[in-house]
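Below is one structure, written out as structure tokens; comments come after it.
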Amino acid sequence: MDAVMSTPSQANHEIFIVLKQFIGEVIGQEFADELEIKPASSFTRDLEMDSIEIVAFSEKVKKHFGQQINFTGWLSGMDIDQLIGLTINDIIIFIQECQSSK
Amino acid sequence: MPIIEVKGRKVHYQELNKGARQTVVFVHGMLGNLAVYYFRIAPLLAELFHVVLYDLKSHGLSEKVRDGYDLDSMSDDLFGLMDALSLDRVHLAGYSFGALIALKAAVRCPERIDGLAIIEGPDPSDEEPLRIMMEYSKEAFDEWLEVSGIAMGRRQLERHHQLYEYIFQGTTMQDDVQKEKEFFSGEEVAAIPHKTLLIYGKDSDCVTAGYLLGRRMKDVRLMLVNGDHHVPVQSPDMVAAALLDFFER
């Protein structure tokens with residue numbers, strides 16, 4: 001057993017913690033503390049983020065995960081309903097897939 | 001977030017595909033922000049071009065400013081940003097109020113603009129759209145939301161109200177925009193030398209403004225796409241494809 005290897009669920013949880021932190025930075029920690037942020041949370045409906053906040057969040061994701069993921073390209077393939085329905089988990093799965101295919 | 005100082009004020013901007021030979025600058029509309037392009041249109045244009053998006057003053061993440069919402073000042077801001085980013089000459093695309101800024105920029109410094117694309121530019125002499133926006137009130141908006149069945153959370157609503165109230169009550173926007181009524185009927189627009197692409201929604205209330213510009217401007221191509229005034233959101237792929245094709249030539 002390689003103790004350094006993390007299981008997919010551990011890796012997912014780690015990504016979730018990073019994304020949750022970014023959400024707090026974008027919408028303000030005080031408001032974020034009032035929300036129950038979970039992987040199934042959608043950015044628009046559950047977290048009440050508006051378009052420019054999702055831009056700010058996306059920039060943080062791009063900066064943190066960098067070359068590992070083509071976040072802009074992935075988002076550009078979505079229609080407006082998909083963007084509105086986007087959840088934290090969708091992004092976790094996307095990042096996880098990008099990382100495991102490297 | 002990339003913030004650059006332009007004329008002593010903080011401007012939020014985003015760049016994609018920096019290093020490409022030609023640049024496209026996008027200007028968003030009143031009460032909007034650069035997100036209208038960021039998710040769908042900008043990445044498609046960035047396959048070929050260096051793309052620059054920015055938030056107008058008091059919009060998005062740019063600094064709040066009380067005055068200077070006339071088209072001269074707004075186009076000054078655009079040229080100031082171009083200077084700050086060392087961009088001599090760009091393709092320019094503007095949506096709605098941003099389309100008026102783009103037209104004014106083409107009037108004032110034609111040598112700094114290559115291709116010009118106007119998306120849903122409203123006729124400033126048409127007072128109706130502005131009147132509706134200016135009569136905005138918290139109560140009326142809440143009522144409209146209830147009737148239309150759109151769900152908006154408490155925080156989203158609050159931010160929406162704050163933006164409207166600031167723009168229409170905290171700035172000189174109303175007075176400044178009133179001064180631009182003659183813009184489409186004047187000589188300036190008719191003298192714009194650029195090859196211009198006009199993109200309007202088939203079902204838009206602004207489409208007559210597209211026909212008017214089509215008659216008044218020298219070298220234009222009018223393209224109608226599916227949707228109303230919100231075509232960049234409703235038909236982003238068509239808008240992006242049209243812009244790519246137009247700027248590439």
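By convention here, the chains of the structure tokens are called A, B, ... in the order presented, each chain's residues are numbered starting at 1, and ligands are numbered starting at 1 in the order presented.
Near chain B, within 7 Å and counting only C-alpha atoms, the residues of chain A are Glu48, Asp50, Ser51, Ile52, Val55, Ala56, Thr72, Gly73, Leu75 and Ser76 of chain A.
Separating CA of Leu213 (chain B) from CA of Ser185 (chain B) is a distance of 9.2 Å.
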Practice item. Quick one: pick out all alpha helix (DSSP H) residues within region 24-95 of chain A from a backbone DSSP run and write them as an NGL selection string. Key: :A and (24-27 or 29-34 or 51-65 or 71-76 or 80-85 or 88-95)
Limited to C-alpha atoms, could you put the picked residues into a file as a PDB file, in the first residue's frame?
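The resulting file, again.pdb, is shown below:
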```
ATOM      1  CA  GLY A  24     -16.114  32.174   0.742  1.00  0.00           C
ATOM      2  CA  GLU A  25     -13.499  34.527  -0.678  1.00  0.00           C
ATOM      3  CA  VAL A  26     -15.809  35.604  -3.496  1.00  0.00           C
ATOM      4  CA  ILE A  27     -19.134  36.077  -1.694  1.00  0.00           C
ATOM      5  CA  GLN A  29     -16.974  34.618   4.503  1.00  0.00           C
ATOM      6  CA  GLU A  30     -19.739  36.042   6.652  1.00  0.00           C
ATOM      7  CA  PHE A  31     -22.410  35.232   4.082  1.00  0.00           C
ATOM      8  CA  ALA A  32     -20.765  31.899   3.215  1.00  0.00           C
ATOM      9  CA  ASP A  33     -20.969  30.889   6.886  1.00  0.00           C
ATOM     10  CA  GLU A  34     -24.725  31.372   6.792  1.00  0.00           C
ATOM     11  CA  SER A  51     -22.566  36.259 -12.956  1.00  0.00           C
ATOM     12  CA  ILE A  52     -19.585  38.425 -11.985  1.00  0.00           C
ATOM     13  CA  GLU A  53     -19.063  36.394  -8.798  1.00  0.00           C
ATOM     14  CA  ILE A  54     -18.980  33.208 -10.872  1.00  0.00           C
ATOM     15  CA  VAL A  55     -16.362  34.910 -13.085  1.00  0.00           C
ATOM     16  CA  ALA A  56     -14.284  35.713  -9.977  1.00  0.00           C
ATOM     17  CA  PHE A  57     -14.699  32.140  -8.736  1.00  0.00           C
ATOM     18  CA  SER A  58     -13.706  30.728 -12.166  1.00  0.00           C
ATOM     19  CA  GLU A  59     -10.560  32.844 -12.177  1.00  0.00           C
ATOM     20  CA  LYS A  60      -9.568  31.409  -8.806  1.00  0.00           C
ATOM     21  CA  VAL A  61     -10.162  27.863 -10.067  1.00  0.00           C
ATOM     22  CA  LYS A  62      -8.074  28.550 -13.177  1.00  0.00           C
ATOM     23  CA  LYS A  63      -5.255  30.067 -11.153  1.00  0.00           C
ATOM     24  CA  HIS A  64      -5.185  27.244  -8.608  1.00  0.00           C
ATOM     25  CA  PHE A  65      -5.519  24.244 -10.926  1.00  0.00           C
ATOM     26  CA  PHE A  71     -11.731  25.303 -17.291  1.00  0.00           C
ATOM     27  CA  THR A  72     -12.624  28.088 -19.731  1.00  0.00           C
ATOM     28  CA  GLY A  73     -12.958  25.622 -22.586  1.00  0.00           C
ATOM     29  CA  TRP A  74     -15.145  23.335 -20.487  1.00  0.00           C
ATOM     30  CA  LEU A  75     -17.463  26.170 -19.466  1.00  0.00           C
ATOM     31  CA  SER A  76     -17.704  27.480 -23.027  1.00  0.00           C
ATOM     32  CA  ILE A  80     -27.166  28.870 -20.424  1.00  0.00           C
ATOM     33  CA  ASP A  81     -29.331  26.285 -18.606  1.00  0.00           C
ATOM     34  CA  GLN A  82     -26.291  24.124 -17.893  1.00  0.00           C
ATOM     35  CA  LEU A  83     -24.406  27.139 -16.557  1.00  0.00           C
ATOM     36  CA  ILE A  84     -27.319  28.107 -14.324  1.00  0.00           C
ATOM     37  CA  GLY A  85     -27.616  24.547 -13.030  1.00  0.00           C
ATOM     38  CA  ILE A  88     -19.831  22.290  -7.093  1.00  0.00           C
ATOM     39  CA  ASN A  89     -19.855  18.563  -7.725  1.00  0.00           C
ATOM     40  CA  ASP A  90     -19.844  19.079 -11.517  1.00  0.00           C
ATOM     41  CA  ILE A  91     -16.583  21.002 -11.127  1.00  0.00           C
ATOM     42  CA  ILE A  92     -15.092  18.430  -8.724  1.00  0.00           C
ATOM     43  CA  ILE A  93     -15.788  15.640 -11.228  1.00  0.00           C
ATOM     44  CA  PHE A  94     -14.337  17.698 -14.081  1.00  0.00           C
ATOM     45  CA  ILE A  95     -11.135  18.491 -12.150  1.00  0.00           C
TER      46      ILE A  95
END
```
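Rounded to one decimal, CA of Glu158 (chain B) and CA of Lys57 (chain B) lie 19.8 Å from each other.
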